[in-house]
file query24.txt (compact mmCIF, C-alpha atoms)
# COMPACT_ATOMS: atom_id res chain seq x y z
CA MET A 8 -25.38 -1.43 -30.16
CA ILE A 9 -23.74 -4.14 -32.24
CA GLN A 10 -23.46 -6.23 -29.10
CA LEU A 11 -27.16 -5.83 -28.46
CA LEU A 12 -28.00 -6.91 -32.02
CA ILE A 13 -25.64 -9.86 -31.97
CA ILE A 14 -26.69 -11.10 -28.56
CA TYR A 15 -30.35 -10.82 -29.43
CA TYR A 16 -30.29 -12.21 -32.99
CA PHE A 17 -27.30 -14.58 -33.02
CA PRO A 18 -28.88 -17.52 -31.16
CA GLY A 19 -31.94 -17.48 -33.38
CA LEU A 20 -30.48 -16.60 -36.76
CA VAL A 21 -27.24 -18.55 -36.68
CA LEU A 22 -27.80 -21.34 -34.16
CA HIS A 23 -31.51 -21.74 -35.02
CA ASN A 24 -32.23 -21.70 -31.34
CA PRO A 25 -33.98 -18.45 -30.39
CA ILE A 26 -33.26 -18.67 -26.68
CA TRP A 27 -34.61 -15.20 -25.94
CA GLY A 28 -38.07 -15.81 -27.35
CA GLY A 29 -39.89 -13.06 -29.20
CA ASP A 30 -41.73 -11.36 -26.38
CA GLU A 31 -40.91 -8.36 -24.23
CA THR A 32 -39.40 -10.48 -21.42
CA GLY A 33 -36.99 -12.10 -23.87
CA ARG A 34 -35.93 -8.75 -25.26
CA PHE A 35 -35.44 -7.40 -21.79
CA LEU A 36 -33.27 -10.40 -20.85
CA ALA A 37 -31.17 -10.04 -24.00
CA ALA A 38 -30.73 -6.32 -23.38
CA SER A 39 -29.76 -6.94 -19.74
CA VAL A 40 -27.20 -9.57 -20.70
CA SER A 41 -25.69 -7.22 -23.29
CA PHE A 42 -25.38 -4.34 -20.88
CA ILE A 43 -24.03 -6.53 -18.11
CA LEU A 44 -21.32 -7.95 -20.37
CA ASN A 45 -20.42 -4.59 -21.84
CA TYR A 46 -20.31 -2.67 -18.60
CA ALA A 47 -18.62 -5.46 -16.67
CA CYS A 48 -15.68 -4.90 -19.00
CA TYR A 49 -15.55 -1.17 -18.40
CA PHE A 50 -16.01 -1.54 -14.67
CA SER A 51 -13.41 -4.25 -14.23
CA GLU A 52 -10.96 -2.04 -16.06
CA ILE A 53 -11.76 0.78 -13.63
CA TYR A 54 -11.30 -1.57 -10.66
CA ARG A 55 -7.99 -2.79 -12.03
CA GLY A 56 -6.79 0.76 -12.48
CA GLY A 57 -7.99 1.61 -8.97
CA ILE A 58 -6.10 -1.25 -7.36
CA GLN A 59 -2.96 -0.53 -9.35
CA GLY A 60 -3.22 3.13 -8.43
CA VAL A 61 -2.66 2.35 -4.75
CA PRO A 62 1.09 2.79 -4.18
CA VAL A 63 3.16 -0.40 -3.77
CA GLY A 64 4.51 1.11 -0.57
CA GLN A 65 1.16 0.53 1.11
CA GLU A 66 1.40 -3.20 0.53
CA GLU A 67 5.04 -3.28 1.58
CA ALA A 68 4.26 -1.38 4.76
CA GLY A 69 1.57 -3.96 5.53
CA LEU A 70 3.89 -6.87 4.80
CA VAL A 71 6.62 -5.50 7.02
CA LEU A 72 4.04 -5.19 9.82
CA GLY A 73 3.36 -8.91 9.55
CA MET A 74 -0.05 -8.60 7.88
CA THR A 75 -1.30 -11.27 5.50
CA LYS A 76 -2.07 -10.42 1.88
CA ARG A 77 -5.76 -10.76 2.63
CA GLN A 78 -5.57 -8.39 5.58
CA ILE A 79 -3.63 -5.91 3.49
CA PHE A 80 -6.25 -6.02 0.76
CA PHE A 81 -9.25 -5.59 3.02
CA LYS A 82 -7.78 -3.29 5.65
CA VAL A 83 -5.44 -1.15 3.60
CA THR A 84 -5.89 -1.32 -0.17
CA LEU A 85 -9.65 -1.69 -0.58
CA LEU A 86 -10.81 1.64 0.82
CA GLN A 87 -8.09 3.55 -1.00
CA MET A 88 -9.12 1.80 -4.18
CA ILE A 89 -12.80 2.63 -3.67
CA LYS A 90 -11.89 6.27 -3.16
CA ARG A 91 -9.98 6.24 -6.42
CA ILE A 92 -12.70 4.59 -8.48
CA VAL A 93 -15.74 6.59 -7.36
CA PRO A 94 -15.31 9.43 -9.91
CA PRO A 95 -14.76 7.21 -12.99
CA MET A 96 -17.49 4.86 -11.74
CA SER A 97 -19.94 7.74 -11.47
CA ASN A 98 -19.28 8.58 -15.11
CA GLU A 99 -19.87 5.02 -16.23
CA ILE A 100 -23.05 4.59 -14.21
CA ILE A 101 -24.52 7.76 -15.68
CA THR A 102 -23.49 6.70 -19.17
CA LEU A 103 -25.19 3.37 -18.54
CA VAL A 104 -28.48 5.09 -17.78
CA LYS A 105 -28.27 7.02 -21.02
CA ASP A 106 -27.15 3.96 -22.97
CA THR A 107 -30.33 2.10 -22.08
CA SER A 108 -31.91 4.01 -24.98
CA LEU A 109 -29.89 1.78 -27.31
CA ALA A 110 -32.12 -1.14 -26.38
CA ARG A 111 -34.79 0.16 -28.75
CA ILE A 112 -32.74 -1.35 -31.59
CA ILE A 113 -34.08 -4.75 -30.57
CA ALA A 114 -37.53 -3.26 -30.13
CA LEU A 115 -37.38 -3.24 -26.37
CA GLN A 116 -39.86 -0.68 -25.12
CA GLU A 117 -37.49 1.55 -23.25
CA ILE A 118 -38.25 5.12 -22.28
CA ILE A 119 -37.73 6.89 -25.60
CA TRP A 120 -39.79 4.19 -27.31
CA ALA A 121 -42.57 4.95 -24.90
CA GLY A 122 -42.27 8.67 -25.53
CA GLN A 123 -42.41 8.15 -29.28
CA ALA A 124 -45.45 5.96 -28.95
CA PHE A 125 -47.25 8.92 -27.42
CA MET A 126 -46.02 11.19 -30.23
CA LYS A 127 -47.29 8.82 -32.89
CA GLY A 128 -50.70 9.08 -31.40
CA SER A 129 -51.16 5.45 -30.56
CA GLN A 130 -52.33 6.55 -27.13
CA GLY A 131 -54.69 9.15 -28.42
CA ILE A 132 -52.40 12.18 -28.49
CA SER A 133 -50.46 13.04 -31.63
CA GLY A 134 -48.12 15.43 -33.34
CA ALA A 135 -46.64 16.88 -30.19
CA ILE A 136 -42.94 17.01 -29.25
CA TRP A 137 -43.81 17.07 -25.55
CA PRO A 138 -43.72 13.35 -24.83
CA LEU A 139 -40.13 13.23 -26.07
CA PHE A 140 -39.35 16.32 -24.08
CA PHE A 141 -40.57 14.59 -20.94
CA THR A 142 -38.33 11.59 -21.59
CA ALA A 143 -35.44 14.05 -21.49
CA ILE A 144 -36.72 15.33 -18.14
CA TYR A 145 -36.84 11.73 -16.93
CA TYR A 146 -33.19 11.15 -17.85
CA LEU A 147 -32.29 14.44 -16.23
CA ILE A 148 -33.99 13.61 -12.94
CA PHE A 149 -32.70 10.05 -12.82
CA ASN A 150 -29.11 11.09 -13.49
CA GLY A 151 -29.52 14.06 -11.19
CA ILE A 152 -30.34 11.76 -8.29
CA LEU A 153 -27.42 9.49 -9.14
CA THR A 154 -25.05 12.46 -9.35
CA VAL A 155 -26.12 13.65 -5.92
CA LEU A 156 -25.79 10.19 -4.34
CA LEU A 157 -22.38 9.49 -5.87
CA GLY A 158 -21.25 12.99 -4.96
CA GLN A 159 -22.17 12.29 -1.35
CA LEU A 160 -20.17 9.06 -1.42
CA GLU A 161 -17.19 10.94 -2.81
CA LYS A 162 -17.52 13.53 -0.08
CA LYS A 163 -17.77 10.87 2.58
CA LEU A 164 -14.47 9.41 1.41
CA SER A 165 -12.71 12.74 1.35
CA TYR A 166 -11.72 12.53 5.02
CA PHE A 167 -8.40 11.07 3.93
CA GLU A 168 -6.08 11.71 1.04
CA MET B 1248 25.52 -13.73 20.99
CA ALA B 1249 24.86 -11.73 17.90
CA ILE B 1250 21.25 -10.70 17.47
CA LEU B 1251 21.68 -10.59 13.72
CA GLU B 1252 24.11 -12.40 11.49
CA VAL B 1253 24.17 -11.87 7.76
CA GLU B 1254 26.41 -14.12 5.71
CA HIS B 1255 27.34 -13.88 2.06
CA ILE B 1256 24.17 -12.22 0.82
CA ARG B 1257 23.99 -11.74 -2.92
CA LYS B 1258 21.16 -10.23 -4.86
CA SER B 1259 20.77 -9.49 -8.56
CA PHE B 1260 18.00 -7.84 -10.50
CA GLU B 1261 17.92 -8.99 -14.11
CA HIS B 1262 21.61 -8.87 -14.96
CA THR B 1263 22.73 -6.24 -12.51
CA GLU B 1264 24.25 -7.51 -9.31
CA ILE B 1265 23.19 -5.16 -6.54
CA LEU B 1266 24.57 -6.94 -3.49
CA LYS B 1267 27.86 -8.74 -3.89
CA ASP B 1268 28.67 -10.91 -0.92
CA ILE B 1269 27.51 -8.92 2.08
CA SER B 1270 28.37 -10.23 5.54
CA PHE B 1271 28.05 -8.48 8.86
CA SER B 1272 26.73 -9.06 12.33
CA LEU B 1273 25.03 -7.00 14.96
CA GLU B 1274 24.94 -7.24 18.75
CA LYS B 1275 21.89 -6.53 20.84
CA GLY B 1276 21.57 -2.85 21.66
CA GLN B 1277 23.96 -1.87 18.92
CA VAL B 1278 23.24 0.88 16.45
CA VAL B 1279 24.72 0.37 13.02
CA SER B 1280 24.61 3.05 10.40
CA ILE B 1281 25.11 2.17 6.80
CA ILE B 1282 26.45 4.91 4.59
CA GLY B 1283 27.44 5.01 0.95
CA SER B 1284 26.48 6.60 -2.32
CA SER B 1285 23.09 6.10 -3.92
CA GLY B 1286 22.82 2.82 -5.77
CA SER B 1287 25.40 1.10 -3.60
CA GLY B 1288 22.82 -1.42 -2.39
CA LYS B 1289 21.98 -0.05 1.04
CA THR B 1290 18.23 -0.05 0.54
CA THR B 1291 18.25 -3.44 -1.15
CA LEU B 1292 20.10 -4.86 1.84
CA LEU B 1293 17.39 -3.59 4.21
CA ARG B 1294 14.69 -4.93 1.92
CA CYS B 1295 16.37 -8.34 1.98
CA LEU B 1296 16.42 -8.31 5.77
CA ASN B 1297 12.70 -7.53 5.80
CA PHE B 1298 11.95 -10.21 3.21
CA LEU B 1299 10.65 -7.71 0.72
CA GLU B 1300 13.32 -9.05 -1.59
CA ARG B 1301 14.63 -12.58 -1.59
CA PRO B 1302 18.42 -12.84 -1.63
CA ASP B 1303 19.86 -15.13 -4.33
CA THR B 1304 22.34 -16.70 -1.95
CA GLY B 1305 23.28 -16.27 1.67
CA ILE B 1306 22.12 -16.82 5.22
CA ILE B 1307 20.26 -14.52 7.60
CA ARG B 1308 20.15 -15.45 11.28
CA ALA B 1309 18.43 -13.60 14.09
CA ASN B 1310 18.84 -14.58 17.73
CA GLY B 1311 20.55 -17.73 16.52
CA GLU B 1312 17.50 -18.80 14.52
CA THR B 1313 18.13 -19.24 10.82
CA LEU B 1314 15.56 -17.07 9.10
CA PHE B 1315 16.79 -17.52 5.60
CA ASP B 1316 19.22 -19.92 4.02
CA SER B 1317 19.40 -20.07 0.25
CA ASP B 1318 20.49 -23.74 0.45
CA ASN B 1319 17.60 -24.74 2.65
CA PRO B 1320 14.19 -24.47 0.95
CA THR B 1321 12.26 -24.96 4.21
CA THR B 1322 13.47 -21.57 5.39
CA GLN B 1323 11.89 -19.95 2.34
CA GLN B 1324 8.29 -20.98 2.80
CA GLU B 1325 5.89 -18.15 2.19
CA SER B 1326 3.79 -19.01 5.25
CA GLU B 1327 6.76 -18.75 7.60
CA ILE B 1328 8.09 -15.52 6.18
CA ARG B 1329 5.30 -13.47 7.70
CA LYS B 1330 6.29 -14.47 11.24
CA LYS B 1331 9.98 -13.97 10.50
CA ARG B 1332 9.33 -10.44 9.37
CA LEU B 1333 8.28 -9.63 12.92
CA HIS B 1334 11.91 -9.82 14.01
CA PHE B 1335 12.40 -6.67 12.00
CA GLY B 1336 10.71 -3.32 11.85
CA LEU B 1337 11.16 -1.10 8.85
CA VAL B 1338 10.71 2.64 8.56
CA PHE B 1339 10.46 3.79 4.97
CA GLN B 1340 11.88 6.85 3.31
CA SER B 1341 8.40 8.02 2.31
CA PHE B 1342 6.57 6.85 5.47
CA HIS B 1343 3.85 4.77 3.78
CA LEU B 1344 1.34 5.47 6.50
CA PHE B 1345 -2.16 4.17 5.80
CA PRO B 1346 -4.04 7.33 4.76
CA GLN B 1347 -7.51 6.17 5.80
CA TYR B 1348 -6.51 5.67 9.43
CA THR B 1349 -5.63 8.19 12.11
CA ALA B 1350 -2.17 8.27 13.64
CA LEU B 1351 -3.37 6.14 16.52
CA GLU B 1352 -5.13 3.64 14.28
CA ASN B 1353 -2.02 3.37 12.12
CA VAL B 1354 -0.02 2.35 15.17
CA MET B 1355 -2.66 -0.08 16.46
CA LEU B 1356 -3.75 -1.80 13.23
CA ALA B 1357 -1.08 -4.46 12.82
CA LYS B 1358 -1.12 -5.33 16.48
CA GLN B 1359 -4.90 -5.69 16.51
CA LEU B 1360 -4.76 -8.03 13.54
CA LEU B 1361 -2.04 -10.10 15.16
CA ALA B 1362 -3.96 -10.28 18.41
CA LYS B 1363 -6.78 -12.08 16.59
CA GLU B 1364 -4.43 -15.03 16.21
CA GLN B 1365 -4.00 -15.37 19.98
CA PRO B 1366 -5.87 -18.39 21.35
CA ASP B 1367 -7.51 -16.38 24.14
CA TYR B 1368 -8.53 -13.49 21.88
CA ARG B 1369 -12.27 -14.10 22.12
CA ALA B 1370 -12.29 -14.44 25.87
CA ARG B 1371 -10.17 -11.40 26.61
CA LYS B 1372 -11.05 -9.23 23.63
CA THR B 1373 -11.80 -5.93 25.38
CA GLU B 1374 -8.83 -6.36 27.67
CA ILE B 1375 -6.42 -7.07 24.79
CA LEU B 1376 -7.73 -4.17 22.72
CA ALA B 1377 -7.38 -1.82 25.66
CA GLU B 1378 -3.79 -2.94 26.18
CA ILE B 1379 -3.01 -2.33 22.53
CA LYS B 1380 -4.53 1.11 22.65
CA GLU B 1381 -2.64 2.00 25.79
CA GLN B 1382 0.64 0.84 24.28
CA ALA B 1383 0.00 2.77 21.06
CA GLU B 1384 -0.83 5.92 22.97
CA SER B 1385 2.28 5.73 25.09
CA LEU B 1386 4.38 5.21 21.96
CA LEU B 1387 2.89 8.27 20.33
CA ILE B 1388 3.46 10.29 23.49
CA GLN B 1389 7.04 9.12 23.47
CA MET B 1390 7.27 10.39 19.88
CA GLY B 1391 5.96 13.75 21.04
CA LEU B 1392 2.65 13.36 19.24
CA SER B 1393 0.20 13.39 22.13
CA GLN B 1394 -1.78 16.19 20.45
CA ARG B 1395 -1.86 14.49 17.09
CA MET B 1396 -3.21 11.01 17.79
CA ASN B 1397 -6.52 11.51 16.07
CA ASN B 1398 -5.23 13.32 13.02
CA TYR B 1399 -5.09 11.68 9.62
CA PRO B 1400 -1.72 11.43 7.89
CA HIS B 1401 -2.54 14.19 5.38
CA GLN B 1402 -3.08 16.57 8.29
CA LEU B 1403 0.42 15.90 9.64
CA SER B 1404 3.77 17.32 8.58
CA GLY B 1405 6.39 15.02 7.08
CA GLY B 1406 8.29 14.88 10.32
CA GLN B 1407 5.17 13.99 12.28
CA CYS B 1408 4.28 11.32 9.70
CA GLN B 1409 7.71 9.79 10.03
CA ARG B 1410 7.40 9.74 13.81
CA VAL B 1411 4.05 7.98 13.51
CA ALA B 1412 5.72 5.49 11.18
CA ILE B 1413 8.43 4.89 13.79
CA ALA B 1414 5.79 4.35 16.47
CA ARG B 1415 3.98 1.96 14.13
CA ALA B 1416 7.13 -0.09 13.65
CA LEU B 1417 7.89 -0.07 17.39
CA ALA B 1418 4.38 -1.23 18.28
CA LEU B 1419 5.26 -4.75 17.20
CA GLN B 1420 8.36 -4.73 19.39
CA PRO B 1421 10.78 -5.87 16.71
CA ASP B 1422 14.23 -7.16 17.68
CA ILE B 1423 15.84 -4.92 15.13
CA LEU B 1424 14.49 -1.66 13.82
CA CYS B 1425 15.60 -0.70 10.32
CA PHE B 1426 15.50 2.81 8.94
CA ASP B 1427 15.67 3.36 5.21
CA GLU B 1428 16.82 6.95 4.77
CA PRO B 1429 14.21 8.13 7.28
CA THR B 1430 14.93 11.80 6.70
CA SER B 1431 15.58 11.99 2.96
CA ALA B 1432 12.07 13.24 2.24
CA LEU B 1433 12.18 15.94 4.91
CA ASP B 1434 13.49 19.48 5.13
CA PRO B 1435 16.33 20.22 7.57
CA GLU B 1436 14.03 21.40 10.35
CA LEU B 1437 11.80 18.32 10.24
CA THR B 1438 14.90 16.15 9.89
CA GLY B 1439 16.00 17.41 13.26
CA GLU B 1440 12.88 16.29 15.07
CA VAL B 1441 13.01 12.80 13.54
CA LEU B 1442 16.70 12.39 14.31
CA LYS B 1443 16.03 13.45 17.89
CA VAL B 1444 13.50 10.63 18.24
CA ILE B 1445 15.92 8.09 16.75
CA ARG B 1446 18.63 9.29 19.08
CA GLU B 1447 16.33 8.76 22.07
CA LEU B 1448 15.70 5.23 20.87
CA ALA B 1449 19.44 4.66 20.64
CA ASP B 1450 19.80 5.87 24.22
CA GLN B 1451 17.26 3.24 25.26
CA ASN B 1452 19.47 0.59 23.64
CA THR B 1453 17.14 -0.21 20.78
CA THR B 1454 18.93 -2.34 18.23
CA MET B 1455 18.86 -0.40 15.01
CA ILE B 1456 20.18 -0.40 11.48
CA ILE B 1457 20.09 3.07 10.00
CA VAL B 1458 20.67 3.77 6.35
CA THR B 1459 21.24 7.47 6.05
CA HIS B 1460 22.87 10.30 4.19
CA GLU B 1461 23.06 12.40 7.36
CA MET B 1462 26.76 11.88 8.00
CA ALA B 1463 26.97 13.81 11.24
CA PHE B 1464 24.06 11.84 12.59
CA ALA B 1465 25.49 8.52 11.40
CA ARG B 1466 28.69 9.31 13.24
CA ASP B 1467 27.07 10.44 16.47
CA VAL B 1468 24.35 7.90 16.94
CA ALA B 1469 26.04 4.70 15.77
CA ASN B 1470 28.50 2.46 17.54
CA HIS B 1471 29.34 0.79 14.26
CA VAL B 1472 29.52 2.22 10.77
CA ILE B 1473 29.38 0.28 7.54
CA PHE B 1474 30.48 1.92 4.32
CA MET B 1475 29.00 0.32 1.24
CA ASP B 1476 30.11 0.87 -2.30
CA ASP B 1477 28.94 -0.86 -5.45
CA GLY B 1478 27.34 -3.79 -3.62
CA HIS B 1479 30.29 -4.49 -1.34
CA ILE B 1480 30.96 -3.62 2.26
CA LEU B 1481 34.11 -1.69 1.60
CA GLU B 1482 34.91 -0.83 5.14
CA GLN B 1483 33.38 -1.11 8.59
CA GLY B 1484 34.38 -0.11 12.07
CA THR B 1485 33.75 2.37 14.81
CA PRO B 1486 32.59 5.84 13.77
CA THR B 1487 35.95 7.35 14.70
CA GLN B 1488 37.74 4.80 12.56
CA ILE B 1489 35.56 5.32 9.50
CA PHE B 1490 35.11 9.04 9.68
CA GLU B 1491 38.53 10.08 10.87
CA HIS B 1492 40.89 7.40 9.65
CA PRO B 1493 39.27 5.70 6.68
CA SER B 1494 41.63 3.11 5.28
CA GLU B 1495 40.12 2.98 1.80
CA GLU B 1496 40.63 5.65 -0.82
CA ARG B 1497 36.96 5.38 -1.88
CA THR B 1498 35.73 6.03 1.65
CA ARG B 1499 37.96 9.08 1.93
CA GLN B 1500 36.63 10.34 -1.37
CA PHE B 1501 33.02 9.80 -0.32
CA LEU B 1502 33.52 11.49 3.02
CA SER B 1503 35.65 14.33 1.70
CA ARG B 1504 32.69 16.66 1.21
CA PHE B 1505 31.46 15.98 4.72
CA THR B 1506 34.80 16.36 6.46
CA GLN B 1507 35.61 19.53 4.58
CA GLY B 1508 32.23 21.00 5.44
call {"tool": "encode", "arguments": {"input": "query24.txt", "output": "structure tokens"}}
result
Amino acid sequence: MIQLLIIYYFPGLVLHNPIWGGDETGRFLAASVSFILNYACYFSEIYRGGIQGVPVGQEEAGLVLGMTKRQIFFKVTLLQMIKRIVPPMSNEIITLVKDTSLARIIALQEIIWAGQAFMKGSQGISGAIWPLFFTAIYYLIFNGILTVLLGQLEKKLSYFE
Amino acid sequence: MAILEVEHIRKSFEHTEILKDISFSLEKGQVVSIIGSSGSGKTTLLRCLNFLERPDTGIIRANGETLFDSDNPTTQQESEIRKKRLHFGLVFQSFHLFPQYTALENVMLAKQLLAKEQPDYRARKTEILAEIKEQAESLLIQMGLSQRMNNYPHQLSGGQCQRVAIARALALQPDILCFDEPTSALDPELTGEVLKVIRELADQNTTMIIVTHEMAFARDVANHVIFMDDGHILEQGTPTQIFEHPSEERTRQFLSRFTQG
């Protein structure tokens, strides 16, 4: 959340150069950049762990068979690494979906914002909890689909150990 | 002419000297077994021969060609090392098969990748690939795995995995096949089937270096035995010489459990 705030406000407040602009597009860009930076860190850490998790013996076996480092990476290491990183990646991707709700801190109209707008009656309905309830359903469905897809990928890779 | 000559190899890790002046040579068709206690440098020696470790000093020659000379930097170029490795095959203690490929694919992979470097690869692609497949299949049949070609490594027993690994190493037709304790990860029954395969290879005059703790096997299969202790070659000679009339006290001590049993 702090990253969102800093990335959105820092250029304007400190550098006097509000590169994001004040409209919805600007907010969306700022939010995207924040999430990309933040999750790139988590993901690269997962990738690193995945590559390191492949036993050294695999590379040595490749070397002894006269393969180049590039061949070893693409033909031997890569698929084993992908298999290793699918479960932690699934977690992160699902967390990312849920984390998009943080973007409301810079007044980006994300899904909960929209739900609340309905609750406040700005669209003609008011006082009901149901709009918020339906945002929850939205998260549930979206993450449900992701879980199924990632589960299928995991299953597809389970032909080897 | 010796197929392999090793002269004055030394290798240290940090401050521990693992190999202290190792020299030996090997004739074509000869089977050498290297015995000795754990930590005596046997594995490191094999890894040096396969360029997985770089010796600090020394010379390695195969078929008269100098593969490595610590005084000659041109023999140490990274780009050349890959080709030089092809003189040697290495079978690991823990197999290191590629888990995402079937037994057959494991045997074919390296050869397929090498074939891409042939100048006529594009023109004769199907032909070359068929040859590779045929060769891999016959190797696996030779290893007694005709029923197992399309199984993945996790569906195979340790002994079967190790036989696939041997076929994989043989597929590249190395001059010298090295075994690094090929049976240490196997139970006695599976050990038997792997040793049988190695013995067959010895009968076909495959040049081999076998690091092993299977003393009876080392004695039977080898025409030359090297006893290593603490980074030195303490003693070497024919199996009869080493096993029945060891001249060094340390060798006697090491073999005492085996000869008593």
call {"tool": "residues_around", "arguments": {"input": "query24.txt", "residues": "region 1412-1426 of chain B", "least_positions_apart": "2", "cutoff": "9 Å", "atoms": "only C-alpha atoms", "output": "PyMOL selection string"}}
result
(chain A and resi 71-73) or (chain B and resi 1250-1251+1275-1276+1293+1296-1297+1309-1310+1332-1340+1342-1344+1350-1351+1353-1358+1379+1382-1383+1386-1387+1389-1390+1407-1410+1428-1429+1444-1445+1453-1459)
call {"tool": "residues_around", "arguments": {"input": "query24.txt", "residues": "region 38-52 of chain A", "least_positions_apart": "4", "cutoff": "8 Å", "atoms": "all atoms listed in the file", "output": "mmCIF file with C-alpha atoms, in the frame of the given file"}}
result
data_model
loop_
_atom_site.group_PDB
_atom_site.id
_atom_site.type_symbol
_atom_site.label_atom_id
_atom_site.label_comp_id
_atom_site.auth_asym_id
_atom_site.auth_seq_id
_atom_site.Cartn_x
_atom_site.Cartn_y
_atom_site.Cartn_z
ATOM 1 C CA GLN A 10 -23.460 -6.230 -29.100
ATOM 2 C CA LEU A 11 -27.160 -5.830 -28.460
ATOM 3 C CA ILE A 14 -26.690 -11.100 -28.560
ATOM 4 C CA TYR A 15 -30.350 -10.820 -29.430
ATOM 5 C CA ARG A 34 -35.930 -8.750 -25.260
ATOM 6 C CA GLY A 56 -6.790 0.760 -12.480
ATOM 7 C CA MET A 96 -17.490 4.860 -11.740
ATOM 8 C CA GLU A 99 -19.870 5.020 -16.230
ATOM 9 C CA LEU A 103 -25.190 3.370 -18.540
ATOM 10 C CA ALA A 110 -32.120 -1.140 -26.380
ATOM 11 C CA LEU A 115 -37.380 -3.240 -26.370
#
call {"tool": "interface_residues", "arguments": {"input": "query24.txt", "of": "chain A", "to": "chain B", "cutoff": "10 Å", "atoms": "all atoms listed in the file", "output": "MDAnalysis selection string"}}
result
chainID A and resid 62:76 78:79 82:84 86:87 90 164:168
call {"tool": "residues_around", "arguments": {"input": "query24.txt", "residues": "region 1492-1501 of chain B", "least_positions_apart": "3", "cutoff": "12 Å", "atoms": "only C-alpha atoms", "output": "PyMOL selection string"}}
result
chain B and resi 1282-1285+1460+1462+1472-1477+1479-1489+1504-1507
call {"tool": "write_last_selection", "arguments": {"input": "query24.txt", "atoms": "C-alpha atoms", "output": "PDB file, in the frame of the given file"}}
result
ATOM      1  CA  ILE B1282      26.450   4.910   4.590  1.00  0.00           C
ATOM      2  CA  GLY B1283      27.440   5.010   0.950  1.00  0.00           C
ATOM      3  CA  SER B1284      26.480   6.600  -2.320  1.00  0.00           C
ATOM      4  CA  SER B1285      23.090   6.100  -3.920  1.00  0.00           C
ATOM      5  CA  HIS B1460      22.870  10.300   4.190  1.00  0.00           C
ATOM      6  CA  MET B1462      26.760  11.880   8.000  1.00  0.00           C
ATOM      7  CA  VAL B1472      29.520   2.220  10.770  1.00  0.00           C
ATOM      8  CA  ILE B1473      29.380   0.280   7.540  1.00  0.00           C
ATOM      9  CA  PHE B1474      30.480   1.920   4.320  1.00  0.00           C
ATOM     10  CA  MET B1475      29.000   0.320   1.240  1.00  0.00           C
ATOM     11  CA  ASP B1476      30.110   0.870  -2.300  1.00  0.00           C
ATOM     12  CA  ASP B1477      28.940  -0.860  -5.450  1.00  0.00           C
ATOM     13  CA  HIS B1479      30.290  -4.490  -1.340  1.00  0.00           C
ATOM     14  CA  ILE B1480      30.960  -3.620   2.260  1.00  0.00           C
ATOM     15  CA  LEU B1481      34.110  -1.690   1.600  1.00  0.00           C
ATOM     16  CA  GLU B1482      34.910  -0.830   5.140  1.00  0.00           C
ATOM     17  CA  GLN B1483      33.380  -1.110   8.590  1.00  0.00           C
ATOM     18  CA  GLY B1484      34.380  -0.110  12.070  1.00  0.00           C
ATOM     19  CA  THR B1485      33.750   2.370  14.810  1.00  0.00           C
ATOM     20  CA  PRO B1486      32.590   5.840  13.770  1.00  0.00           C
ATOM     21  CA  THR B1487      35.950   7.350  14.700  1.00  0.00           C
ATOM     22  CA  GLN B1488      37.740   4.800  12.560  1.00  0.00           C
ATOM     23  CA  ILE B1489      35.560   5.320   9.500  1.00  0.00           C
ATOM     24  CA  ARG B1504      32.690  16.660   1.210  1.00  0.00           C
ATOM     25  CA  PHE B1505      31.460  15.980   4.720  1.00  0.00           C
ATOM     26  CA  THR B1506      34.800  16.360   6.460  1.00  0.00           C
ATOM     27  CA  GLN B1507      35.610  19.530   4.580  1.00  0.00           C
TER      28      GLN B1507
END
call {"tool": "axis_aligned_box", "arguments": {"input": "query24.txt", "around": "region 113-120 of chain A", "padding_each_side": "5 Å", "output": "AutoDock Vina command-line options"}}
result
--center_x -37.0 --center_y 1.1 --center_z -26.4 --size_x 15.8 --size_y 21.6 --size_z 18.3
